[in-house]
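The structure file target_2.cif is reproduced below (mmCIF, C-alpha atoms).
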data_model
#
loop_
_atom_site.group_PDB
_atom_site.id
_atom_site.type_symbol
_atom_site.label_atom_id
_atom_site.label_comp_id
_atom_site.auth_asym_id
_atom_site.auth_seq_id
_atom_site.Cartn_x
_atom_site.Cartn_y
_atom_site.Cartn_z
ATOM 1 C CA MET A 24 -37.354 26.396 -8.707
ATOM 2 C CA ILE A 25 -34.874 29.052 -9.813
ATOM 3 C CA ILE A 26 -34.282 30.076 -6.180
ATOM 4 C CA PHE A 27 -33.648 26.439 -5.223
ATOM 5 C CA ASN A 28 -31.106 25.960 -8.009
ATOM 6 C CA LEU A 29 -29.256 29.151 -7.106
ATOM 7 C CA SER A 30 -29.159 28.320 -3.419
ATOM 8 C CA SER A 31 -27.877 24.818 -4.147
ATOM 9 C CA TYR A 32 -24.769 26.334 -5.741
ATOM 10 C CA ASN A 33 -24.151 28.595 -2.761
ATOM 11 C CA PRO A 34 -25.444 26.733 0.285
ATOM 12 C CA GLY A 35 -25.238 28.114 3.774
ATOM 13 C CA PRO A 36 -22.550 27.156 6.279
ATOM 14 C CA PHE A 37 -21.972 23.553 7.302
ATOM 15 C CA ILE A 38 -21.674 22.380 10.892
ATOM 16 C CA LEU A 39 -18.686 20.182 11.821
ATOM 17 C CA VAL A 40 -19.646 18.040 14.813
ATOM 18 C CA GLY A 41 -16.129 16.990 15.808
ATOM 19 C CA ILE A 42 -15.765 13.406 17.009
ATOM 20 C CA PRO A 43 -19.301 12.015 17.454
ATOM 21 C CA GLY A 44 -19.865 10.435 20.842
ATOM 22 C CA LEU A 45 -16.854 12.116 22.418
ATOM 23 C CA GLU A 46 -18.071 15.723 22.456
ATOM 24 C CA GLN A 47 -17.642 15.997 26.236
ATOM 25 C CA PHE A 48 -13.949 15.041 25.887
ATOM 26 C CA HIS A 49 -13.122 17.437 23.025
ATOM 27 C CA VAL A 50 -11.145 19.819 25.245
ATOM 28 C CA TRP A 51 -8.894 17.013 26.483
ATOM 29 C CA ILE A 52 -8.575 15.284 23.099
ATOM 30 C CA GLY A 53 -7.394 18.582 21.639
ATOM 31 C CA ILE A 54 -4.304 18.692 23.892
ATOM 32 C CA PRO A 55 -2.435 15.691 22.397
ATOM 33 C CA PHE A 56 -3.608 16.679 18.904
ATOM 34 C CA CYS A 57 -2.129 20.147 19.399
ATOM 35 C CA MET A 58 1.149 18.753 20.772
ATOM 36 C CA ILE A 59 1.551 16.308 17.877
ATOM 37 C CA TYR A 60 0.718 19.061 15.388
ATOM 38 C CA ILE A 61 3.393 21.324 16.930
ATOM 39 C CA VAL A 62 5.924 18.477 16.626
ATOM 40 C CA ALA A 63 4.915 18.016 12.971
ATOM 41 C CA VAL A 64 5.283 21.718 12.160
ATOM 42 C CA MET A 65 8.600 22.113 14.010
ATOM 43 C CA GLY A 66 10.077 18.872 12.653
ATOM 44 C CA ASN A 67 9.209 19.594 9.036
ATOM 45 C CA CYS A 68 10.301 23.237 9.299
ATOM 46 C CA ILE A 69 13.687 22.182 10.731
ATOM 47 C CA LEU A 70 14.016 19.646 7.919
ATOM 48 C CA LEU A 71 13.219 22.296 5.302
ATOM 49 C CA TYR A 72 15.656 24.742 6.916
ATOM 50 C CA LEU A 73 18.522 22.226 6.946
ATOM 51 C CA ILE A 74 17.947 21.143 3.351
ATOM 52 C CA THR A 75 17.820 24.792 2.262
ATOM 53 C CA VAL A 76 20.961 26.081 4.010
ATOM 54 C CA GLU A 77 23.236 23.003 3.882
ATOM 55 C CA ARG A 78 24.857 22.618 0.470
ATOM 56 C CA SER A 79 25.748 18.995 1.223
ATOM 57 C CA LEU A 80 22.007 18.217 1.268
ATOM 58 C CA HIS A 81 21.373 19.708 -2.172
ATOM 59 C CA GLU A 82 20.851 16.293 -3.734
ATOM 60 C CA PRO A 83 17.789 14.813 -5.520
ATOM 61 C CA MET A 84 16.866 12.602 -2.552
ATOM 62 C CA PHE A 85 16.763 15.564 -0.165
ATOM 63 C CA PHE A 86 14.927 17.725 -2.685
ATOM 64 C CA PHE A 87 12.136 15.128 -2.799
ATOM 65 C CA LEU A 88 12.296 14.931 0.995
ATOM 66 C CA SER A 89 11.796 18.700 1.263
ATOM 67 C CA MET A 90 8.783 18.403 -1.035
ATOM 68 C CA LEU A 91 7.407 15.640 1.200
ATOM 69 C CA ALA A 92 7.869 17.893 4.235
ATOM 70 C CA MET A 93 5.979 20.756 2.582
ATOM 71 C CA THR A 94 3.153 18.431 1.554
ATOM 72 C CA ASP A 95 2.939 17.017 5.084
ATOM 73 C CA LEU A 96 2.606 20.571 6.404
ATOM 74 C CA ILE A 97 -0.277 21.172 3.986
ATOM 75 C CA LEU A 98 -1.933 17.865 4.940
ATOM 76 C CA SER A 99 -1.929 18.615 8.661
ATOM 77 C CA THR A 100 -2.511 22.375 8.465
ATOM 78 C CA ALA A 101 -5.513 21.968 6.180
ATOM 79 C CA ALA A 102 -7.444 20.278 9.003
ATOM 80 C CA VAL A 103 -5.812 20.522 12.436
ATOM 81 C CA PRO A 104 -6.295 24.278 13.165
ATOM 82 C CA LYS A 105 -10.017 24.005 12.365
ATOM 83 C CA THR A 106 -10.248 20.802 14.407
ATOM 84 C CA LEU A 107 -8.689 22.519 17.424
ATOM 85 C CA SER A 108 -11.077 25.469 17.047
ATOM 86 C CA ILE A 109 -13.950 22.960 17.219
ATOM 87 C CA PHE A 110 -12.475 21.210 20.261
ATOM 88 C CA TRP A 111 -11.556 24.325 22.248
ATOM 89 C CA LEU A 112 -13.703 27.206 20.942
ATOM 90 C CA GLY A 113 -16.809 25.404 19.725
ATOM 91 C CA ALA A 114 -16.352 27.077 16.310
ATOM 92 C CA ARG A 115 -18.211 24.419 14.359
ATOM 93 C CA GLU A 116 -19.421 26.463 11.406
ATOM 94 C CA ILE A 117 -17.563 26.403 8.105
ATOM 95 C CA THR A 118 -18.665 28.121 4.917
ATOM 96 C CA PHE A 119 -19.229 26.131 1.738
ATOM 97 C CA PRO A 120 -16.210 27.728 -0.046
ATOM 98 C CA GLY A 121 -14.147 27.129 3.097
ATOM 99 C CA CYS A 122 -15.295 23.511 3.162
ATOM 100 C CA LEU A 123 -14.365 23.030 -0.506
ATOM 101 C CA THR A 124 -10.950 24.633 0.062
ATOM 102 C CA GLN A 125 -10.205 22.452 3.071
ATOM 103 C CA MET A 126 -11.355 19.334 1.226
ATOM 104 C CA PHE A 127 -9.272 20.155 -1.864
ATOM 105 C CA PHE A 128 -6.002 20.683 0.032
ATOM 106 C CA HIS A 129 -6.616 17.611 2.216
ATOM 107 C CA HIS A 130 -7.170 15.253 -0.727
ATOM 108 C CA TYR A 131 -4.589 16.977 -2.937
ATOM 109 C CA SER A 132 -1.829 16.636 -0.337
ATOM 110 C CA PHE A 133 -2.720 12.963 0.178
ATOM 111 C CA VAL A 134 -2.431 12.126 -3.549
ATOM 112 C CA LEU A 135 0.706 14.272 -3.868
ATOM 113 C CA ASP A 136 2.299 12.541 -0.858
ATOM 114 C CA SER A 137 1.817 9.216 -2.621
ATOM 115 C CA ALA A 138 3.368 10.543 -5.832
ATOM 116 C CA ILE A 139 6.368 11.958 -3.922
ATOM 117 C CA LEU A 140 6.983 8.570 -2.286
ATOM 118 C CA MET A 141 6.929 7.022 -5.762
ATOM 119 C CA ALA A 142 9.460 9.599 -6.993
ATOM 120 C CA MET A 143 11.671 8.884 -3.972
ATOM 121 C CA ALA A 144 11.518 5.163 -4.740
ATOM 122 C CA PHE A 145 12.681 5.922 -8.299
ATOM 123 C CA ASP A 146 15.511 8.026 -6.847
ATOM 124 C CA ARG A 147 16.658 5.103 -4.665
ATOM 125 C CA TYR A 148 16.390 2.727 -7.652
ATOM 126 C CA VAL A 149 18.676 4.912 -9.776
ATOM 127 C CA ALA A 150 21.102 5.486 -6.871
ATOM 128 C CA ILE A 151 21.544 1.758 -6.159
ATOM 129 C CA CYS A 152 21.016 0.108 -9.552
ATOM 130 C CA SER A 153 22.800 2.742 -11.692
ATOM 131 C CA PRO A 154 25.067 4.666 -9.294
ATOM 132 C CA LEU A 155 27.499 5.799 -12.007
ATOM 133 C CA ARG A 156 24.662 7.347 -14.011
ATOM 134 C CA TYR A 157 22.852 8.878 -11.014
ATOM 135 C CA THR A 158 23.871 12.486 -11.652
ATOM 136 C CA THR A 159 23.305 12.209 -15.409
ATOM 137 C CA ILE A 160 19.811 10.688 -15.027
ATOM 138 C CA LEU A 161 18.515 12.822 -12.155
ATOM 139 C CA THR A 162 19.635 16.203 -13.434
ATOM 140 C CA PRO A 163 18.032 19.406 -12.064
ATOM 141 C CA LYS A 164 15.989 19.648 -15.270
ATOM 142 C CA THR A 165 14.709 16.088 -14.859
ATOM 143 C CA ILE A 166 13.841 16.686 -11.204
ATOM 144 C CA ILE A 167 11.842 19.809 -12.109
ATOM 145 C CA LYS A 168 9.945 17.813 -14.732
ATOM 146 C CA ILE A 169 9.143 15.103 -12.167
ATOM 147 C CA VAL A 170 7.967 17.668 -9.586
ATOM 148 C CA VAL A 171 5.788 19.542 -12.087
ATOM 149 C CA GLY A 172 4.416 16.262 -13.437
ATOM 150 C CA ILE A 173 3.366 14.760 -10.105
ATOM 151 C CA SER A 174 1.997 18.102 -8.846
ATOM 152 C CA PHE A 175 -0.076 18.609 -11.995
ATOM 153 C CA ARG A 176 -1.290 14.995 -11.929
ATOM 154 C CA SER A 177 -2.476 15.369 -8.334
ATOM 155 C CA PHE A 178 -4.198 18.668 -9.171
ATOM 156 C CA CYS A 179 -6.022 17.145 -12.152
ATOM 157 C CA ILE A 180 -7.183 14.165 -10.076
ATOM 158 C CA ILE A 181 -8.626 16.217 -7.194
ATOM 159 C CA LEU A 182 -10.007 19.297 -9.003
ATOM 160 C CA PRO A 183 -13.006 17.389 -10.508
ATOM 161 C CA VAL A 184 -14.047 16.480 -6.945
ATOM 162 C CA VAL A 185 -14.679 20.173 -6.261
ATOM 163 C CA PHE A 186 -16.936 20.487 -9.320
ATOM 164 C CA LEU A 187 -18.729 17.250 -8.455
ATOM 165 C CA LEU A 188 -19.669 18.792 -5.099
ATOM 166 C CA THR A 189 -20.672 22.213 -6.432
ATOM 167 C CA ARG A 190 -23.277 20.612 -8.715
ATOM 168 C CA LEU A 191 -25.080 18.990 -5.763
ATOM 169 C CA PRO A 192 -28.168 20.519 -4.109
ATOM 170 C CA PHE A 193 -27.983 20.567 -0.306
ATOM 171 C CA CYS A 194 -31.575 20.809 0.867
ATOM 172 C CA ARG A 195 -31.375 18.579 3.931
ATOM 173 C CA THR A 196 -29.156 18.734 6.993
ATOM 174 C CA ARG A 197 -25.794 20.486 6.777
ATOM 175 C CA VAL A 198 -24.368 18.750 9.835
ATOM 176 C CA ILE A 199 -21.137 16.852 9.044
ATOM 177 C CA PRO A 200 -20.205 14.180 11.622
ATOM 178 C CA HIS A 201 -16.488 14.884 11.274
ATOM 179 C CA THR A 202 -13.786 17.350 12.302
ATOM 180 C CA TYR A 203 -13.004 18.425 8.732
ATOM 181 C CA CYS A 204 -14.597 18.361 5.272
ATOM 182 C CA GLU A 205 -13.905 15.374 3.066
ATOM 183 C CA HIS A 206 -15.502 14.521 -0.260
ATOM 184 C CA ILE A 207 -17.879 11.646 0.450
ATOM 185 C CA GLY A 208 -18.849 12.976 3.880
ATOM 186 C CA VAL A 209 -20.071 16.236 2.309
ATOM 187 C CA ALA A 210 -21.628 14.547 -0.730
ATOM 188 C CA ARG A 211 -23.793 12.342 1.492
ATOM 189 C CA LEU A 212 -25.605 15.453 2.725
ATOM 190 C CA ALA A 213 -26.979 16.138 -0.768
ATOM 191 C CA CYS A 214 -30.613 15.432 -1.610
ATOM 192 C CA THR A 215 -29.880 13.814 -4.952
ATOM 193 C CA ASP A 216 -28.094 10.804 -6.395
ATOM 194 C CA ILE A 217 -24.348 10.868 -5.605
ATOM 195 C CA SER A 218 -23.287 7.731 -7.495
ATOM 196 C CA ILE A 219 -20.815 9.699 -9.633
ATOM 197 C CA ASN A 220 -19.254 11.225 -6.521
ATOM 198 C CA ILE A 221 -18.923 7.836 -4.846
ATOM 199 C CA TRP A 222 -17.377 6.079 -7.821
ATOM 200 C CA TYR A 223 -15.072 8.922 -8.819
ATOM 201 C CA GLY A 224 -14.107 9.695 -5.235
ATOM 202 C CA PHE A 225 -13.282 6.060 -4.540
ATOM 203 C CA CYS A 226 -11.997 4.648 -7.826
ATOM 204 C CA VAL A 227 -9.876 7.407 -9.373
ATOM 205 C CA PRO A 228 -7.760 8.440 -6.341
ATOM 206 C CA ILE A 229 -7.474 4.824 -5.158
ATOM 207 C CA MET A 230 -6.424 3.539 -8.580
ATOM 208 C CA THR A 231 -3.865 6.345 -8.728
ATOM 209 C CA VAL A 232 -2.461 5.512 -5.295
ATOM 210 C CA ILE A 233 -2.476 1.760 -6.088
ATOM 211 C CA SER A 234 -0.506 2.444 -9.290
ATOM 212 C CA ASP A 235 2.010 4.383 -7.164
ATOM 213 C CA VAL A 236 2.258 1.441 -4.745
ATOM 214 C CA ILE A 237 2.833 -0.987 -7.634
ATOM 215 C CA LEU A 238 5.616 1.186 -9.072
ATOM 216 C CA ILE A 239 7.193 1.516 -5.609
ATOM 217 C CA ALA A 240 7.042 -2.272 -5.197
ATOM 218 C CA VAL A 241 8.651 -2.783 -8.615
ATOM 219 C CA SER A 242 11.410 -0.284 -7.762
ATOM 220 C CA TYR A 243 12.230 -2.011 -4.488
ATOM 221 C CA SER A 244 12.107 -5.460 -6.098
ATOM 222 C CA LEU A 245 14.746 -4.313 -8.568
ATOM 223 C CA ILE A 246 16.697 -2.676 -5.725
ATOM 224 C CA LEU A 247 16.693 -5.915 -3.715
ATOM 225 C CA CYS A 248 17.857 -7.903 -6.745
ATOM 226 C CA ALA A 249 20.717 -5.441 -7.240
ATOM 227 C CA VAL A 250 21.622 -5.422 -3.535
ATOM 228 C CA PHE A 251 21.835 -9.204 -3.238
ATOM 229 C CA ARG A 252 24.196 -9.261 -6.218
ATOM 230 C CA LEU A 253 26.689 -7.047 -4.362
ATOM 231 C CA PRO A 254 29.884 -8.920 -3.423
ATOM 232 C CA SER A 255 30.269 -7.960 0.251
ATOM 233 C CA GLN A 256 27.992 -7.956 3.279
ATOM 234 C CA ASP A 257 29.025 -4.403 4.180
ATOM 235 C CA ALA A 258 28.053 -3.133 0.739
ATOM 236 C CA ARG A 259 24.654 -4.826 1.009
ATOM 237 C CA GLN A 260 24.006 -3.352 4.452
ATOM 238 C CA LYS A 261 25.036 0.121 3.321
ATOM 239 C CA ALA A 262 22.774 -0.043 0.277
ATOM 240 C CA LEU A 263 19.806 -1.257 2.307
ATOM 241 C CA GLY A 264 20.532 1.354 4.994
ATOM 242 C CA THR A 265 19.975 4.167 2.499
ATOM 243 C CA CYS A 266 16.472 2.784 1.870
ATOM 244 C CA GLY A 267 15.510 2.109 5.492
ATOM 245 C CA SER A 268 14.014 5.517 6.290
ATOM 246 C CA HIS A 269 12.081 5.591 3.030
ATOM 247 C CA ILE A 270 10.575 2.154 3.664
ATOM 248 C CA CYS A 271 9.483 3.235 7.175
ATOM 249 C CA VAL A 272 7.781 6.340 5.776
ATOM 250 C CA ILE A 273 6.066 4.285 3.062
ATOM 251 C CA LEU A 274 4.639 1.877 5.643
ATOM 252 C CA MET A 275 3.519 4.735 7.929
ATOM 253 C CA PHE A 276 1.757 6.423 5.015
ATOM 254 C CA TYR A 277 0.058 3.588 3.138
ATOM 255 C CA THR A 278 -0.940 1.208 5.950
ATOM 256 C CA PRO A 279 -3.276 3.583 7.839
ATOM 257 C CA ALA A 280 -4.351 5.283 4.590
ATOM 258 C CA PHE A 281 -5.677 2.083 3.028
ATOM 259 C CA PHE A 282 -7.251 1.007 6.317
ATOM 260 C CA SER A 283 -9.057 4.334 6.645
ATOM 261 C CA ILE A 284 -10.237 4.379 3.023
ATOM 262 C CA LEU A 285 -11.474 0.776 3.047
ATOM 263 C CA ALA A 286 -13.130 1.187 6.447
ATOM 264 C CA HIS A 287 -14.897 4.314 5.194
ATOM 265 C CA ARG A 288 -16.113 2.540 2.036
ATOM 266 C CA PHE A 289 -16.835 -1.003 3.261
ATOM 267 C CA GLY A 290 -16.488 -1.041 7.050
ATOM 268 C CA HIS A 291 -20.145 -0.712 7.978
ATOM 269 C CA ASN A 292 -19.447 -2.440 11.302
ATOM 270 C CA VAL A 293 -16.689 0.049 12.195
ATOM 271 C CA SER A 294 -18.063 2.630 14.631
ATOM 272 C CA LEU A 295 -18.197 6.221 13.408
ATOM 273 C CA THR A 296 -16.321 7.405 16.506
ATOM 274 C CA PHE A 297 -13.398 5.066 15.795
ATOM 275 C CA HIS A 298 -13.323 6.026 12.118
ATOM 276 C CA ILE A 299 -13.265 9.777 12.814
ATOM 277 C CA MET A 300 -10.633 9.394 15.546
ATOM 278 C CA PHE A 301 -8.441 7.273 13.261
ATOM 279 C CA ALA A 302 -8.849 9.749 10.387
ATOM 280 C CA ASN A 303 -7.711 12.578 12.666
ATOM 281 C CA LEU A 304 -4.691 10.647 13.932
ATOM 282 C CA TYR A 305 -3.705 9.911 10.336
ATOM 283 C CA ILE A 306 -3.403 13.600 9.418
ATOM 284 C CA VAL A 307 -1.068 14.420 12.334
ATOM 285 C CA ILE A 308 0.976 11.319 13.201
ATOM 286 C CA PRO A 309 2.714 10.584 9.851
ATOM 287 C CA PRO A 310 3.647 14.282 9.325
ATOM 288 C CA ALA A 311 5.064 14.314 12.873
ATOM 289 C CA LEU A 312 6.969 11.029 12.536
ATOM 290 C CA ASN A 313 8.400 11.492 9.031
ATOM 291 C CA PRO A 314 11.063 14.096 9.985
ATOM 292 C CA ILE A 315 11.911 12.076 13.110
ATOM 293 C CA VAL A 316 12.399 8.901 11.054
ATOM 294 C CA TYR A 317 14.602 10.673 8.516
ATOM 295 C CA GLY A 318 16.473 12.470 11.295
ATOM 296 C CA VAL A 319 17.249 9.204 13.096
ATOM 297 C CA LYS A 320 17.952 6.915 10.129
ATOM 298 C CA THR A 321 19.640 9.307 7.667
ATOM 299 C CA LYS A 322 23.210 10.081 8.775
ATOM 300 C CA GLN A 323 23.545 13.338 6.804
ATOM 301 C CA ILE A 324 20.413 14.820 8.410
ATOM 302 C CA ARG A 325 21.214 13.419 11.861
ATOM 303 C CA ASP A 326 24.665 15.014 11.810
ATOM 304 C CA LYS A 327 23.279 18.371 10.653
ATOM 305 C CA VAL A 328 20.577 18.377 13.353
ATOM 306 C CA VAL A 329 23.159 17.615 16.059
ATOM 307 C CA HIS A 330 25.426 20.344 14.687
ATOM 308 C CA LEU A 331 22.515 22.847 14.538
ATOM 309 C CA PHE A 332 21.473 22.356 18.152
ATOM 310 C CA SER A 333 25.008 22.055 19.527
ATOM 311 C CA THR A 334 25.861 25.369 17.853
ATOM 312 C CA LYS A 335 22.748 26.988 19.351
ATOM 313 C CA SER A 336 23.627 25.727 22.857
ATOM 314 C CA THR A 337 27.186 27.080 22.748
ATOM 315 C CA GLU A 338 26.129 30.576 21.677
#
Full structure transcribed into structure tokens:
Amino acid sequence: MIIFNLSSYNPGPFILVGIPGLEQFHVWIGIPFCMIYIVAVMGNCILLYLITVERSLHEPMFFFLSMLAMTDLILSTAAVPKTLSIFWLGAREITFPGCLTQMFFHHYSFVLDSAILMAMAFDRYVAICSPLRYTTILTPKTIIKIVVGISFRSFCIILPVVFLLTRLPFCRTRVIPHTYCEHIGVARLACTDISINIWYGFCVPIMTVISDVILIAVSYSLILCAVFRLPSQDARQKALGTCGSHICVILMFYTPAFFSILAHRFGHNVSLTFHIMFANLYIVIPPALNPIVYGVKTKQIRDKVVHLFSTKSTE
């Protein structure tokens, strides 16, 4: 009995299957995944570089954008390299500590992404509804408090998930039908009741993300009310234009996220192959598209990108 309890806290390696039903196509599936991942890394790194070196981009909105870029890099890097090693090298084993680490950073970056989008919505609310007080409200000290607050909140929400998994005994199969470790997928391998894992893993993060969505919706409702009170059409279009990229990123983040979560929890008729494929696309496509959206729709960033590459070409 003592040996069983000790081994349950330090189980052997898990086996990540990849995408069930498509094993024979793993090599080919890995090619577009790798290309999208490279776009995500390059796009977010360029964004971070521009925001760091260009003094004109040292504003609260771009500070939150740089934080979003870093979190997107964590979200994709936590899973994609291991996924590609499964697809191309057949390296399916992952240690229990490695599985917990991957799971923590995956879920942490997801919750933190949501909090950053909420902070960006607050930034847009202050910029449009109280433009004269923008610099006095969003001071560097206030921004640091917001960043520390949302980072610590995300950490406190996800850390219990790690302890909920370490208490479980894994005495059955250790084969995970996925390309990366995620909470419920690992918990279902345990040979004991996982009701606490299911309810905490579903309710707490979801309620947190839903509260973020509600606050974002409230912010944009107030923004729209303020915009439609502006006297001229040009002023209204300019105000809405500053929010366009943020709204696109919000839709790209929350729409597939809620679909994936609800399908995983309630979609018993959704095939496992489709669910795993969709989950993998979710961790690479939004991080790849976010810098492109901001680069296209935000004039300051678009001008700096054009200047960066035109300077490189003339050297």
Starting from the shown file, work through the PyMOL selection byres ((chain A and resi 117-127) around 8) and note down what comes out as number ranges by chain. A: 33-39, 101-102, 115-116, 128-131, 181-182, 184-185, 203-206
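Between A:Ile237 and the residues A:Ile217, A:Gly41, A:Met141, A:Phe301, the shortest atom-to-atom distance, using only C-alpha atoms, involves A:Met141.
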Please evaluate the PyMOL selection byres ((chain A and resi 272) around 9) against the displayed coordinates and give the resulting residues as number ranges by chain. A: 140, 267-271, 273-277, 309, 312-313, 316-317
Got a sec: who's within 12 Å of A:Val170, counting all atoms listed in the file, leaving out chain neighbours fewer than 5 positions off, as a ChimeraX atom specification? /A:83,86-91,135-136,138-143,161,163-165,175-177
Selection file, C-alpha atoms, as a PDB file, in the coordinates of the input:
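Result file is selection-v9.pdb:
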ATOM      1  CA  PRO A  83      17.789  14.813  -5.520  1.00  0.00           C
ATOM      2  CA  PHE A  86      14.927  17.725  -2.685  1.00  0.00           C
ATOM      3  CA  PHE A  87      12.136  15.128  -2.799  1.00  0.00           C
ATOM      4  CA  LEU A  88      12.296  14.931   0.995  1.00  0.00           C
ATOM      5  CA  SER A  89      11.796  18.700   1.263  1.00  0.00           C
ATOM      6  CA  MET A  90       8.783  18.403  -1.035  1.00  0.00           C
ATOM      7  CA  LEU A  91       7.407  15.640   1.200  1.00  0.00           C
ATOM      8  CA  LEU A 135       0.706  14.272  -3.868  1.00  0.00           C
ATOM      9  CA  ASP A 136       2.299  12.541  -0.858  1.00  0.00           C
ATOM     10  CA  ALA A 138       3.368  10.543  -5.832  1.00  0.00           C
ATOM     11  CA  ILE A 139       6.368  11.958  -3.922  1.00  0.00           C
ATOM     12  CA  LEU A 140       6.983   8.570  -2.286  1.00  0.00           C
ATOM     13  CA  MET A 141       6.929   7.022  -5.762  1.00  0.00           C
ATOM     14  CA  ALA A 142       9.460   9.599  -6.993  1.00  0.00           C
ATOM     15  CA  MET A 143      11.671   8.884  -3.972  1.00  0.00           C
ATOM     16  CA  LEU A 161      18.515  12.822 -12.155  1.00  0.00           C
ATOM     17  CA  PRO A 163      18.032  19.406 -12.064  1.00  0.00           C
ATOM     18  CA  LYS A 164      15.989  19.648 -15.270  1.00  0.00           C
ATOM     19  CA  THR A 165      14.709  16.088 -14.859  1.00  0.00           C
ATOM     20  CA  PHE A 175      -0.076  18.609 -11.995  1.00  0.00           C
ATOM     21  CA  ARG A 176      -1.290  14.995 -11.929  1.00  0.00           C
ATOM     22  CA  SER A 177      -2.476  15.369  -8.334  1.00  0.00           C
TER      23      SER A 177
END
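Residues selected in this file by the PyMOL selection byres ((chain A and resi 149) around 12) comprise A:Pro83, A:Met84, A:Ala142, A:Met143, A:Ala144, A:Phe145, A:Asp146, A:Arg147, A:Tyr148, A:Ala150, A:Ile151, A:Cys152, A:Ser153, A:Pro154, A:Leu155, A:Arg156, A:Tyr157, A:Thr158, A:Thr159, A:Ile160, A:Leu161, A:Thr162, A:Ser242, A:Tyr243, A:Leu245, A:Ile246, A:Ala249, A:Ala262.
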Output file for the residues above (C-alpha atoms, as a short mmCIF file (atom, residue, chain, number, x, y, z; two decimals), keeping the file's coordinate frame):
data_model
loop_
_atom_site.label_atom_id
_atom_site.label_comp_id
_atom_site.auth_asym_id
_atom_site.auth_seq_id
_atom_site.Cartn_x
_atom_site.Cartn_y
_atom_site.Cartn_z
CA PRO A 83 17.79 14.81 -5.52
CA MET A 84 16.87 12.60 -2.55
CA ALA A 142 9.46 9.60 -6.99
CA MET A 143 11.67 8.88 -3.97
CA ALA A 144 11.52 5.16 -4.74
CA PHE A 145 12.68 5.92 -8.30
CA ASP A 146 15.51 8.03 -6.85
CA ARG A 147 16.66 5.10 -4.66
CA TYR A 148 16.39 2.73 -7.65
CA ALA A 150 21.10 5.49 -6.87
CA ILE A 151 21.54 1.76 -6.16
CA CYS A 152 21.02 0.11 -9.55
CA SER A 153 22.80 2.74 -11.69
CA PRO A 154 25.07 4.67 -9.29
CA LEU A 155 27.50 5.80 -12.01
CA ARG A 156 24.66 7.35 -14.01
CA TYR A 157 22.85 8.88 -11.01
CA THR A 158 23.87 12.49 -11.65
CA THR A 159 23.30 12.21 -15.41
CA ILE A 160 19.81 10.69 -15.03
CA LEU A 161 18.52 12.82 -12.16
CA THR A 162 19.64 16.20 -13.43
CA SER A 242 11.41 -0.28 -7.76
CA TYR A 243 12.23 -2.01 -4.49
CA LEU A 245 14.75 -4.31 -8.57
CA ILE A 246 16.70 -2.68 -5.72
CA ALA A 249 20.72 -5.44 -7.24
CA ALA A 262 22.77 -0.04 0.28
#
Please provide the set of residues having any atom within 9 Å of stretch 231-236 of chain A, restricted to only C-alpha atoms, with same-chain residues fewer than 2 positions apart removed, written as a list in words. Val134, Ser137, Ala138, Leu140, Met141, Ile180, Cys226, Val227, Pro228, Ile229, Leu238, Ile239, Ala240, Val241 and Tyr277 of chain A
Would you save the residues from that selection as a compact mmCIF listing (two decimals), in the coordinates of the input, using C-alpha atoms?
# COMPACT_ATOMS: atom_id res chain seq x y z
CA VAL A 134 -2.43 12.13 -3.55
CA SER A 137 1.82 9.22 -2.62
CA ALA A 138 3.37 10.54 -5.83
CA LEU A 140 6.98 8.57 -2.29
CA MET A 141 6.93 7.02 -5.76
CA ILE A 180 -7.18 14.16 -10.08
CA CYS A 226 -12.00 4.65 -7.83
CA VAL A 227 -9.88 7.41 -9.37
CA PRO A 228 -7.76 8.44 -6.34
CA ILE A 229 -7.47 4.82 -5.16
CA LEU A 238 5.62 1.19 -9.07
CA ILE A 239 7.19 1.52 -5.61
CA ALA A 240 7.04 -2.27 -5.20
CA VAL A 241 8.65 -2.78 -8.62
CA TYR A 277 0.06 3.59 3.14
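Picture a line from atom CA of A:Leu71 to atom CA of A:Phe133; it runs 19.2 Å.
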Could you jot down the atom CA of A:His81 to atom CA of A:Gly318 separation for me, Å, one decimal place?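 So the two atoms, atom CA of A:His81 and atom CA of A:Gly318, lie 16.1 Å apart.
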Go ahead and compute the interatomic distance for atom CA of A:Gln47 and atom CA of A:Leu107, in Å to one decimal. 14.2 Å
Contact residues around A:Lys327 with only C-alpha atoms at 12 Å, ignoring same-chain residues under 3 positions, as a ChimeraX atom specification: /A:69-70,72-80,317-319,321-324,330-334
Rank A:Arg195, A:Pro310, A:Cys266, A:Arg252 by their smallest atom-to-atom distance to A:Leu96, using all atoms listed in the file, and report the top residue only.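 Once distances to A:Leu96 are computed over all atoms listed in the file, the minimum belongs to A:Pro310.
Using all atoms listed in the file, the shortest contact distance between A:Cys57 and any of A:Thr189, A:Ser218, A:Ser244, A:Asn303 is found at A:Asn303.
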